[in-house]
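Colleague: The following block contains the structure, expressed as structure tokens.
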Amino acid sequence: MEQIVSLCKRRGFVFPGSEIYGGMANSWDYGPYGTELKNNIAKSWWKTFVQERDDVVGLDSAIITNPKVWVASGHVANFNDPLVDCKGCKTRHRGDKLLEEKIGVDETAAIPFEEVGKKLNELQIVCPNCGKTDWTDARKFNLLFETQVGVLADPKNIAYLRGETAQGIFINFKNVVNTMRKKLPFGIAQVGKAFRNEITPGNFIFRTREFEQMEIEYFIKPPQKDEDWREPYDKWMNEIKAFFNDKLGLAEENMRWRRHDSNELSFYSKDTYDVEYNFPNLGWGELQGFAYRTDYDLNQHIKHSGADLNFVDDEGSKFVPHCIEPSFGLTRTLLAVLAEAYNEEEVGENDTRIVMKFKPALAPIKVAVFPLLKNKPALVEKAQEIYKNLKPLFMCEFDDNGNVGKRYRRQDEIGTPFCVTVDFDTIEKDNSVTVRDRDSMEQVRVSIDELEGYLAQKLQ
Ligand code: ATP
């Protein structure tokens, strides 16, 4: 993980937040390549789950909502983590996370809130800060970020930054039904920022207070029997697996679906999984929550808003739909994509290269164009011409710094699938260029007239 963090800073993927002011703990800014990569993951997700489907539409709802939304969703009352203090050094920690490291997620999930502190002492779990074992009982800490709306500091003006994007979907359910003429089953998808006042953020961008999610609420008819929800639920599972493997390139052996047992399962959910990735050094960490949430959320909003959120089908039957929720973390997924792509390879004798083997669709830069030599105007001019022609089609970069070997290394580190070099043969002999493949490092000659088609086909 250290190598990934260092590469991210060195190569412009992720920078420490507010750096010139001495930083801001656990805040990160996405640099030029990180922004491209994050956008490409979100684009691939949107293409797969919205654009290519007939039954999902998109949404972009507000970050600051009426605070009643979060009362209805249960976040004001229940969005709590068990907070424990170390009596030795007075630092504050997430009791459940400390327990999880020692006894695993399943066993931790079975421990009631009021027993967390006692269990930490019993198991002799030490404070990560001072090494002592002397814990207080757990207290509740609400994760919602409060903010003040308007100029008057008045408790009446308190609102929350959204703790998840999902609630924006539920509160727009009626608007979408009324405007989009969708039949059940259908889903609403949203990508955007979410905020949680995490007690123990950390592990680079894995757990931050400001992060991005990609969520879908997929509405189905109230099931008459188990198969009625099982069938779409299993179908979603398969589609999500294919997305992680085929579109993001996350290896199957690095992923697992951890099912919630009855202790961990929310009272309204019939089935829930945490979809986890095996992060280097960190171990298994959740990338996505996947749940059948019954009609809980819409019913909560009906109860609290008084709005009629029933669906009327073609036969005139009126009912509250149930929902299946795939809830992806975008920034966490980005970390998994970085971890999966990172490779250190031996090349030749006593030489290594770092290469980010991103799927071409995710790579921040698709093609880099070089003149063989910087000081030969004819080469530079031709390379510039090619670069300008390719730029409207793909994210491209022009580089004439240092020797070609160094330029290859730099492009390998940002995961550019193809490098195109203009040399003397290009202008004197064959009107062709050398195209070098990132993964095999093989070089082929391609005629300039065929270059666009060649790259388009390879980058598909
Ligand atoms: P965790 O157990 O790690 O706190 P969660 O179960 O509370 O996560 P959900 O509420 O299911 O998470 O949110 C859906 C997804 O949003 C998670 O799977 C994760 O990818 C992402 N996510 C949640 N909290 C954070 C965070 N603080 N930083 C980055 N991503 C997050």
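Just so we're on the same page: first chain in the structure tokens is A, next is B, and so on; residues restart at 1 for each chain, and ligands are numbered from 1 in the order they show up.
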Counting only C-alpha atoms and all ligand atoms, which residues of chain A fall within 9 Å of ligand 1, and what is the closest atom pair for each with its distance in Å at one decimal, ordered by chain and rising number, as JSON lines?

Modeller:
```
{"residue": "A:Phe79", "atom": "CA", "partner": "ligand 1", "partner_atom_place_in_ligand_line": "7 (O)", "distance": 8.9}
{"residue": "A:Lys97", "atom": "CA", "partner": "ligand 1", "partner_atom_place_in_ligand_line": "2 (O)", "distance": 8.9}
{"residue": "A:Gly163", "atom": "CA", "partner": "ligand 1", "partner_atom_place_in_ligand_line": "10 (O)", "distance": 8.2}
{"residue": "A:Glu164", "atom": "CA", "partner": "ligand 1", "partner_atom_place_in_ligand_line": "10 (O)", "distance": 6.9}
{"residue": "A:Ala194", "atom": "CA", "partner": "ligand 1", "partner_atom_place_in_ligand_line": "25 (C)", "distance": 8.2}
{"residue": "A:Phe195", "atom": "CA", "partner": "ligand 1", "partner_atom_place_in_ligand_line": "27 (N)", "distance": 7.4}
{"residue": "A:Arg196", "atom": "CA", "partner": "ligand 1", "partner_atom_place_in_ligand_line": "27 (N)", "distance": 6.0}
{"residue": "A:Asn197", "atom": "CA", "partner": "ligand 1", "partner_atom_place_in_ligand_line": "27 (N)", "distance": 7.9}
{"residue": "A:Glu198", "atom": "CA", "partner": "ligand 1", "partner_atom_place_in_ligand_line": "27 (N)", "distance": 6.1}
{"residue": "A:Thr200", "atom": "CA", "partner": "ligand 1", "partner_atom_place_in_ligand_line": "27 (N)", "distance": 8.9}
{"residue": "A:Pro201", "atom": "CA", "partner": "ligand 1", "partner_atom_place_in_ligand_line": "27 (N)", "distance": 6.6}
{"residue": "A:Gly202", "atom": "CA", "partner": "ligand 1", "partner_atom_place_in_ligand_line": "28 (N)", "distance": 8.6}
{"residue": "A:Ile205", "atom": "CA", "partner": "ligand 1", "partner_atom_place_in_ligand_line": "29 (C)", "distance": 6.6}
{"residue": "A:Phe206", "atom": "CA", "partner": "ligand 1", "partner_atom_place_in_ligand_line": "29 (C)", "distance": 5.2}
{"residue": "A:Arg207", "atom": "CA", "partner": "ligand 1", "partner_atom_place_in_ligand_line": "28 (N)", "distance": 3.5}
{"residue": "A:Thr208", "atom": "CA", "partner": "ligand 1", "partner_atom_place_in_ligand_line": "28 (N)", "distance": 4.1}
{"residue": "A:Arg209", "atom": "CA", "partner": "ligand 1", "partner_atom_place_in_ligand_line": "27 (N)", "distance": 5.3}
{"residue": "A:Glu210", "atom": "CA", "partner": "ligand 1", "partner_atom_place_in_ligand_line": "28 (N)", "distance": 6.7}
{"residue": "A:Phe211", "atom": "CA", "partner": "ligand 1", "partner_atom_place_in_ligand_line": "29 (C)", "distance": 5.0}
{"residue": "A:Glu212", "atom": "CA", "partner": "ligand 1", "partner_atom_place_in_ligand_line": "30 (N)", "distance": 6.7}
{"residue": "A:Gln213", "atom": "CA", "partner": "ligand 1", "partner_atom_place_in_ligand_line": "16 (O)", "distance": 5.5}
{"residue": "A:Met214", "atom": "CA", "partner": "ligand 1", "partner_atom_place_in_ligand_line": "16 (O)", "distance": 8.0}
{"residue": "A:Glu215", "atom": "CA", "partner": "ligand 1", "partner_atom_place_in_ligand_line": "14 (C)", "distance": 7.9}
{"residue": "A:Asp274", "atom": "CA", "partner": "ligand 1", "partner_atom_place_in_ligand_line": "18 (O)", "distance": 7.0}
{"residue": "A:Val275", "atom": "CA", "partner": "ligand 1", "partner_atom_place_in_ligand_line": "18 (O)", "distance": 7.4}
{"residue": "A:Glu276", "atom": "CA", "partner": "ligand 1", "partner_atom_place_in_ligand_line": "18 (O)", "distance": 8.2}
{"residue": "A:Gly285", "atom": "CA", "partner": "ligand 1", "partner_atom_place_in_ligand_line": "3 (O)", "distance": 7.0}
{"residue": "A:Glu286", "atom": "CA", "partner": "ligand 1", "partner_atom_place_in_ligand_line": "18 (O)", "distance": 5.0}
{"residue": "A:Leu287", "atom": "CA", "partner": "ligand 1", "partner_atom_place_in_ligand_line": "20 (O)", "distance": 4.0}
{"residue": "A:Gln288", "atom": "CA", "partner": "ligand 1", "partner_atom_place_in_ligand_line": "18 (O)", "distance": 3.4}
{"residue": "A:Gly289", "atom": "CA", "partner": "ligand 1", "partner_atom_place_in_ligand_line": "11 (O)", "distance": 4.5}
{"residue": "A:Phe290", "atom": "CA", "partner": "ligand 1", "partner_atom_place_in_ligand_line": "11 (O)", "distance": 7.7}
{"residue": "A:Pro326", "atom": "CA", "partner": "ligand 1", "partner_atom_place_in_ligand_line": "14 (C)", "distance": 8.4}
{"residue": "A:Ser327", "atom": "CA", "partner": "ligand 1", "partner_atom_place_in_ligand_line": "14 (C)", "distance": 4.9}
{"residue": "A:Phe328", "atom": "CA", "partner": "ligand 1", "partner_atom_place_in_ligand_line": "15 (C)", "distance": 4.9}
{"residue": "A:Gly329", "atom": "CA", "partner": "ligand 1", "partner_atom_place_in_ligand_line": "20 (O)", "distance": 3.1}
{"residue": "A:Leu330", "atom": "CA", "partner": "ligand 1", "partner_atom_place_in_ligand_line": "20 (O)", "distance": 6.6}
{"residue": "A:Thr331", "atom": "CA", "partner": "ligand 1", "partner_atom_place_in_ligand_line": "29 (C)", "distance": 6.1}
{"residue": "A:Arg332", "atom": "CA", "partner": "ligand 1", "partner_atom_place_in_ligand_line": "20 (O)", "distance": 5.3}
{"residue": "A:Thr333", "atom": "CA", "partner": "ligand 1", "partner_atom_place_in_ligand_line": "20 (O)", "distance": 6.8}
```

Colleague: Write out as CSV the residues of segment 204-313 of chain A that have any atom within 12 Å of an atom of segment 336-344 of chain A, one row each with the nearest atom pair and its distance in Å to one decimal, counting only C-alpha atoms, sorted by chain and then rising number.

Modeller:
```
residue,atom,partner,partner_atom,distance
A:Phe204,CA,A:Ala336,CA,11.7
A:Ile205,CA,A:Ala336,CA,10.2
A:Phe206,CA,A:Ala336,CA,9.1
A:Phe244,CA,A:Val337,CA,9.5
A:Asn245,CA,A:Val337,CA,10.7
A:Lys247,CA,A:Val337,CA,10.5
A:Leu248,CA,A:Val337,CA,6.8
A:Gly249,CA,A:Val337,CA,7.5
A:Leu250,CA,A:Glu340,CA,6.2
A:Ala251,CA,A:Glu340,CA,7.6
A:Glu252,CA,A:Glu340,CA,11.0
A:Glu253,CA,A:Glu340,CA,11.2
A:Asn254,CA,A:Glu340,CA,8.7
A:Met255,CA,A:Ala336,CA,10.1
A:Glu276,CA,A:Ala336,CA,9.9
A:Tyr277,CA,A:Ala336,CA,7.0
A:Asn278,CA,A:Ala336,CA,8.3
A:Phe279,CA,A:Ala336,CA,6.7
A:Pro280,CA,A:Ala339,CA,7.1
A:Asn281,CA,A:Ala339,CA,10.5
A:Leu282,CA,A:Ala339,CA,11.1
A:Gly283,CA,A:Ala336,CA,11.3
A:Trp284,CA,A:Ala336,CA,10.8
A:Gly285,CA,A:Ala336,CA,9.6
A:Glu286,CA,A:Ala336,CA,10.3
A:Leu287,CA,A:Ala336,CA,8.2
A:Gln288,CA,A:Ala336,CA,11.6
```

Colleague: Store the residues picked out above in a file with C-alpha atoms, as an mmCIF file, in the first residue's frame.

Modeller:
```cif
data_model
loop_
_atom_site.group_PDB
_atom_site.id
_atom_site.type_symbol
_atom_site.label_atom_id
_atom_site.label_comp_id
_atom_site.auth_asym_id
_atom_site.auth_seq_id
_atom_site.Cartn_x
_atom_site.Cartn_y
_atom_site.Cartn_z
ATOM 1 C CA PHE A 204 -5.400 6.484 2.595
ATOM 2 C CA ILE A 205 -8.651 6.993 0.632
ATOM 3 C CA PHE A 206 -10.293 3.821 2.037
ATOM 4 C CA PHE A 244 -16.047 -5.824 -11.096
ATOM 5 C CA ASN A 245 -14.230 -8.533 -13.068
ATOM 6 C CA LYS A 247 -15.051 -3.779 -16.601
ATOM 7 C CA LEU A 248 -12.820 -2.876 -13.668
ATOM 8 C CA GLY A 249 -10.401 -5.785 -13.980
ATOM 9 C CA LEU A 250 -10.599 -6.788 -10.305
ATOM 10 C CA ALA A 251 -9.470 -10.420 -10.107
ATOM 11 C CA GLU A 252 -12.075 -12.878 -8.855
ATOM 12 C CA GLU A 253 -9.684 -14.269 -6.242
ATOM 13 C CA ASN A 254 -9.340 -10.788 -4.712
ATOM 14 C CA MET A 255 -13.092 -10.423 -4.216
ATOM 15 C CA GLU A 276 -15.183 -7.050 -0.277
ATOM 16 C CA TYR A 277 -11.778 -6.631 -1.877
ATOM 17 C CA ASN A 278 -8.542 -8.007 -0.486
ATOM 18 C CA PHE A 279 -6.473 -4.802 -0.231
ATOM 19 C CA PRO A 280 -2.683 -5.146 0.097
ATOM 20 C CA ASN A 281 -1.734 -4.724 3.790
ATOM 21 C CA LEU A 282 -5.290 -3.814 4.835
ATOM 22 C CA GLY A 283 -6.891 -7.166 4.063
ATOM 23 C CA TRP A 284 -10.578 -7.553 3.241
ATOM 24 C CA GLY A 285 -12.465 -4.251 3.038
ATOM 25 C CA GLU A 286 -15.974 -3.425 1.847
ATOM 26 C CA LEU A 287 -16.317 -1.982 -1.670
ATOM 27 C CA GLN A 288 -20.035 -2.304 -1.903
#
```

Colleague: Quick one: everything within 7 Å of Val149 of chain A, counting only C-alpha atoms, minus sequence neighbours fewer than 6 positions away in the same chain. Send it as a list in words.

Modeller: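 Surrounding residues, per the criterion: Asn157, Ile158 and Ala159 of chain A.
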
Colleague: Neighbours of segment 105-116 of chain A within 7 Å (only C-alpha atoms; same-chain residues fewer than 6 positions away dropped), as an mmCIF file with C-alpha atoms, in the first residue's frame?

Modeller:
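Done, and the output landed in around-v6.cif:
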```cif
data_model
loop_
_atom_site.group_PDB
_atom_site.id
_atom_site.type_symbol
_atom_site.label_atom_id
_atom_site.label_comp_id
_atom_site.auth_asym_id
_atom_site.auth_seq_id
_atom_site.Cartn_x
_atom_site.Cartn_y
_atom_site.Cartn_z
ATOM 1 C CA PRO A 82 -19.583 2.725 19.130
ATOM 2 C CA GLY A 95 -14.637 0.046 19.266
ATOM 3 C CA ASP A 96 -16.144 -2.157 16.563
ATOM 4 C CA LEU A 99 -12.687 -5.712 17.685
ATOM 5 C CA ASP A 137 -17.753 1.824 27.776
ATOM 6 C CA ALA A 138 -18.869 2.597 24.235
ATOM 7 C CA ASN A 263 -26.948 -10.733 14.039
ATOM 8 C CA GLU A 264 -25.684 -8.282 11.466
#
```

Colleague: I need the residues of segment 105-338 of chain A that end up classed as alpha helix (DSSP H) by DSSP on the backbone, written out as an MDAnalysis selection string.

Modeller: chainID A and resid 105:109 116:122 166:171 173:180 226:242 296:305 330:338

Colleague: Based on the selection just made, write C-alpha atoms of those residues as a PDB file, in the first residue's frame.

Modeller:
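Final output, out39.pdb:
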```pdb
ATOM      1  CA  VAL A 105     -16.335  -9.002  11.327  1.00  0.00           C
ATOM      2  CA  ASP A 106     -18.773 -11.831  11.963  1.00  0.00           C
ATOM      3  CA  GLU A 107     -18.001 -12.246  15.649  1.00  0.00           C
ATOM      4  CA  THR A 108     -17.883  -8.485  16.176  1.00  0.00           C
ATOM      5  CA  ALA A 109     -21.311  -8.073  14.611  1.00  0.00           C
ATOM      6  CA  VAL A 116     -18.118  -3.292  23.212  1.00  0.00           C
ATOM      7  CA  GLY A 117     -15.924  -1.580  25.852  1.00  0.00           C
ATOM      8  CA  LYS A 118     -16.067  -4.598  28.171  1.00  0.00           C
ATOM      9  CA  LYS A 119     -15.129  -6.966  25.363  1.00  0.00           C
ATOM     10  CA  LEU A 120     -12.131  -4.816  24.374  1.00  0.00           C
ATOM     11  CA  ASN A 121     -10.831  -5.044  27.942  1.00  0.00           C
ATOM     12  CA  GLU A 122     -11.620  -8.742  28.198  1.00  0.00           C
ATOM     13  CA  ALA A 166     -29.555   6.774  -1.684  1.00  0.00           C
ATOM     14  CA  GLN A 167     -31.990   9.009   0.201  1.00  0.00           C
ATOM     15  CA  GLY A 168     -31.944  11.528  -2.669  1.00  0.00           C
ATOM     16  CA  ILE A 169     -33.267   8.683  -4.811  1.00  0.00           C
ATOM     17  CA  PHE A 170     -36.104   7.714  -2.465  1.00  0.00           C
ATOM     18  CA  ILE A 171     -37.323  11.297  -2.071  1.00  0.00           C
ATOM     19  CA  PHE A 173     -39.189   8.342  -6.467  1.00  0.00           C
ATOM     20  CA  LYS A 174     -42.543   9.987  -7.208  1.00  0.00           C
ATOM     21  CA  ASN A 175     -40.990  12.624  -9.509  1.00  0.00           C
ATOM     22  CA  VAL A 176     -39.235   9.949 -11.539  1.00  0.00           C
ATOM     23  CA  VAL A 177     -42.357   7.765 -11.755  1.00  0.00           C
ATOM     24  CA  ASN A 178     -44.441  10.738 -12.882  1.00  0.00           C
ATOM     25  CA  THR A 179     -42.008  11.931 -15.524  1.00  0.00           C
ATOM     26  CA  MET A 180     -40.357   8.810 -16.915  1.00  0.00           C
ATOM     27  CA  ASP A 226     -39.415 -15.555  -2.134  1.00  0.00           C
ATOM     28  CA  GLU A 227     -38.547 -16.260  -5.772  1.00  0.00           C
ATOM     29  CA  ASP A 228     -40.117 -12.930  -6.753  1.00  0.00           C
ATOM     30  CA  TRP A 229     -37.292 -10.989  -5.108  1.00  0.00           C
ATOM     31  CA  ARG A 230     -34.645 -13.730  -5.304  1.00  0.00           C
ATOM     32  CA  GLU A 231     -34.699 -13.772  -9.080  1.00  0.00           C
ATOM     33  CA  PRO A 232     -33.874 -10.072  -9.688  1.00  0.00           C
ATOM     34  CA  TYR A 233     -31.567 -10.121  -6.635  1.00  0.00           C
ATOM     35  CA  ASP A 234     -29.470 -12.998  -8.032  1.00  0.00           C
ATOM     36  CA  LYS A 235     -29.447 -11.376 -11.460  1.00  0.00           C
ATOM     37  CA  TRP A 236     -28.031  -8.177  -9.954  1.00  0.00           C
ATOM     38  CA  MET A 237     -25.393 -10.174  -8.120  1.00  0.00           C
ATOM     39  CA  ASN A 238     -24.197 -11.733 -11.364  1.00  0.00           C
ATOM     40  CA  GLU A 239     -24.201  -8.416 -13.184  1.00  0.00           C
ATOM     41  CA  ILE A 240     -22.225  -6.764 -10.396  1.00  0.00           C
ATOM     42  CA  LYS A 241     -19.681  -9.601 -10.365  1.00  0.00           C
ATOM     43  CA  ALA A 242     -19.230  -9.213 -14.117  1.00  0.00           C
ATOM     44  CA  TYR A 296     -38.694  -0.051   4.360  1.00  0.00           C
ATOM     45  CA  ASP A 297     -37.284   3.159   2.851  1.00  0.00           C
ATOM     46  CA  LEU A 298     -40.311   4.264   0.852  1.00  0.00           C
ATOM     47  CA  ASN A 299     -42.577   3.454   3.801  1.00  0.00           C
ATOM     48  CA  GLN A 300     -40.431   5.561   6.109  1.00  0.00           C
ATOM     49  CA  HIS A 301     -40.745   8.527   3.748  1.00  0.00           C
ATOM     50  CA  ILE A 302     -44.488   7.978   3.399  1.00  0.00           C
ATOM     51  CA  LYS A 303     -44.787   7.997   7.184  1.00  0.00           C
ATOM     52  CA  HIS A 304     -42.639  11.088   7.738  1.00  0.00           C
ATOM     53  CA  SER A 305     -43.590  13.241   4.717  1.00  0.00           C
ATOM     54  CA  LEU A 330     -16.507   5.084  -5.905  1.00  0.00           C
ATOM     55  CA  THR A 331     -13.402   6.306  -4.107  1.00  0.00           C
ATOM     56  CA  ARG A 332     -12.879   2.929  -2.412  1.00  0.00           C
ATOM     57  CA  THR A 333     -13.309   1.201  -5.743  1.00  0.00           C
ATOM     58  CA  LEU A 334     -10.664   3.523  -7.145  1.00  0.00           C
ATOM     59  CA  LEU A 335      -8.277   2.328  -4.437  1.00  0.00           C
ATOM     60  CA  ALA A 336      -9.022  -1.288  -5.378  1.00  0.00           C
ATOM     61  CA  VAL A 337      -8.443  -0.521  -9.068  1.00  0.00           C
ATOM     62  CA  LEU A 338      -5.102   1.108  -8.200  1.00  0.00           C
TER      63      LEU A 338
END
```

Colleague: List the spatial neighbours of segment 364-374 of chain A as a PyMOL selection string - criterion: any atom at most 8 Å away, only C-alpha atoms, same-chain residues fewer than 5 positions off excluded.

Modeller: chain A and resi 33-34+36-37+40+379-380+382-384+386-387+394-401+403-404+411+414-423+459

Colleague: Take the residues just selected and output them with N, CA and C atoms as a tab-separated table (two decimals), in the first residue's frame.

Modeller:
```
chain	number	residue	atom	x	y	z
A	33	TYR	N	-4.46	12.83	-13.06
A	33	TYR	CA	-4.68	11.43	-13.49
A	33	TYR	C	-5.71	10.73	-12.60
A	34	GLY	N	-5.71	11.08	-11.31
A	34	GLY	CA	-6.69	10.49	-10.39
A	34	GLY	C	-8.11	10.90	-10.79
A	36	GLU	N	-9.11	11.69	-13.83
A	36	GLU	CA	-9.46	10.93	-15.04
A	36	GLU	C	-9.88	9.51	-14.67
A	37	LEU	N	-9.08	8.89	-13.80
A	37	LEU	CA	-9.35	7.51	-13.42
A	37	LEU	C	-10.71	7.40	-12.71
A	40	ASN	N	-13.44	7.86	-15.14
A	40	ASN	CA	-13.58	6.69	-16.03
A	40	ASN	C	-14.28	5.52	-15.32
A	379	LEU	N	10.74	15.89	-36.82
A	379	LEU	CA	10.13	14.83	-36.00
A	379	LEU	C	9.08	15.43	-35.06
A	380	VAL	N	9.44	16.56	-34.46
A	380	VAL	CA	8.52	17.20	-33.51
A	380	VAL	C	7.24	17.62	-34.22
A	382	LYS	N	5.88	16.42	-36.97
A	382	LYS	CA	5.04	15.26	-37.35
A	382	LYS	C	4.34	14.69	-36.11
A	383	ALA	N	5.09	14.60	-35.00
A	383	ALA	CA	4.49	14.04	-33.77
A	383	ALA	C	3.36	14.96	-33.29
A	384	GLN	N	3.57	16.26	-33.39
A	384	GLN	CA	2.52	17.22	-32.99
A	384	GLN	C	1.27	17.04	-33.86
A	386	ILE	N	0.26	14.34	-35.41
A	386	ILE	CA	-0.43	13.08	-35.01
A	386	ILE	C	-1.18	13.29	-33.69
A	387	TYR	N	-0.50	13.93	-32.75
A	387	TYR	CA	-1.09	14.20	-31.44
A	387	TYR	C	-2.39	15.01	-31.59
A	394	PHE	N	-9.16	10.50	-28.18
A	394	PHE	CA	-8.74	9.83	-26.93
A	394	PHE	C	-8.03	10.85	-26.05
A	395	MET	N	-7.98	10.58	-24.73
A	395	MET	CA	-7.13	11.39	-23.85
A	395	MET	C	-5.69	11.08	-24.24
A	396	CYS	N	-4.98	12.10	-24.72
A	396	CYS	CA	-3.61	11.88	-25.21
A	396	CYS	C	-2.63	12.78	-24.47
A	397	GLU	N	-1.37	12.40	-24.54
A	397	GLU	CA	-0.34	13.24	-23.96
A	397	GLU	C	0.81	13.32	-24.95
A	398	PHE	N	1.40	14.51	-25.07
A	398	PHE	CA	2.59	14.69	-25.90
A	398	PHE	C	3.78	14.78	-24.97
A	399	ASP	N	4.85	14.06	-25.28
A	399	ASP	CA	6.03	14.11	-24.40
A	399	ASP	C	7.30	14.08	-25.23
A	400	ASP	N	8.16	15.09	-25.03
A	400	ASP	CA	9.45	15.06	-25.72
A	400	ASP	C	10.60	15.22	-24.72
A	401	ASN	N	10.31	14.95	-23.44
A	401	ASN	CA	11.33	15.11	-22.39
A	401	ASN	C	12.19	13.87	-22.21
A	403	ASN	N	14.98	10.74	-22.75
A	403	ASN	CA	15.01	9.75	-23.84
A	403	ASN	C	13.73	8.92	-23.86
A	404	VAL	N	13.55	8.19	-24.95
A	404	VAL	CA	12.29	7.46	-25.13
A	404	VAL	C	12.09	6.42	-24.02
A	411	GLN	N	5.06	6.73	-18.69
A	411	GLN	CA	3.72	6.34	-19.16
A	411	GLN	C	3.28	5.02	-18.52
A	414	ILE	N	1.75	5.64	-15.18
A	414	ILE	CA	0.38	6.18	-15.14
A	414	ILE	C	-0.57	5.27	-15.92
A	415	GLY	N	-0.03	4.16	-16.44
A	415	GLY	CA	-0.90	3.14	-17.04
A	415	GLY	C	-1.36	3.41	-18.46
A	416	THR	N	-0.58	4.18	-19.23
A	416	THR	CA	-0.99	4.49	-20.61
A	416	THR	C	-0.84	3.25	-21.50
A	417	PRO	N	-1.94	2.78	-22.11
A	417	PRO	CA	-1.85	1.51	-22.86
A	417	PRO	C	-0.94	1.57	-24.09
A	418	PHE	N	-0.88	2.74	-24.76
A	418	PHE	CA	-0.08	2.78	-25.99
A	418	PHE	C	0.77	4.04	-26.09
A	419	CYS	N	2.02	3.85	-26.55
A	419	CYS	CA	2.90	4.98	-26.85
A	419	CYS	C	3.23	4.94	-28.34
A	420	VAL	N	3.14	6.10	-28.96
A	420	VAL	CA	3.38	6.21	-30.40
A	420	VAL	C	4.64	7.05	-30.61
A	421	THR	N	5.63	6.50	-31.31
A	421	THR	CA	6.87	7.27	-31.52
A	421	THR	C	7.10	7.56	-33.00
A	422	VAL	N	7.40	8.82	-33.25
A	422	VAL	CA	7.74	9.26	-34.61
A	422	VAL	C	9.27	9.25	-34.72
A	423	ASP	N	9.80	8.52	-35.71
A	423	ASP	CA	11.26	8.49	-35.86
A	423	ASP	C	11.65	8.89	-37.29
A	459	LEU	N	-8.32	-0.13	-28.06
A	459	LEU	CA	-8.73	0.54	-26.82
A	459	LEU	C	-10.18	0.25	-26.45
```

Colleague: In Å, with one decimal, what is the gap from atom CA of Pro223 of chain A to atom CA of Asp308 of chain A?

Modeller: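 Interatomic distance, atom CA of Pro223 of chain A to atom CA of Asp308 of chain A: 20.2 Å.
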
Colleague: At what distance in Å, to one decimal, does atom CA of Asn172 of chain A lie from atom CA of Val56 of chain A?

Modeller: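 That distance, rounded to one decimal, is 14.0 Å.
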
Colleague: Check the DSSP output for the backbone and give back, as an MDAnalysis selection string, the residues of segment 78-315 of chain A in strand (DSSP E).

Modeller: chainID A and resid 80:85 92:94 139:142 145:148 158:161 186:195 210:220 255:259 271:279 283:292 311:312

Colleague: Between A:Glu385, A:Lys132, A:Tyr268, A:Asn375, single out the one closest to Gly402 of chain A, counting only C-alpha atoms.

Modeller: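 Ranked by minimum distance to Gly402 of chain A, first place goes to A:Asn375.
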
Colleague: Please report the interatomic distance between atom CA of Gln124 of chain A and atom CA of Cys86 of chain A in Å with one decimal.

Modeller: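 Distance between the two atoms: 12.5 Å.
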
Colleague: Closest to Ile220 of chain A among A:Leu123, A:Leu152, A:Leu98, A:Cys323, using only C-alpha atoms?

Modeller: A:Cys323
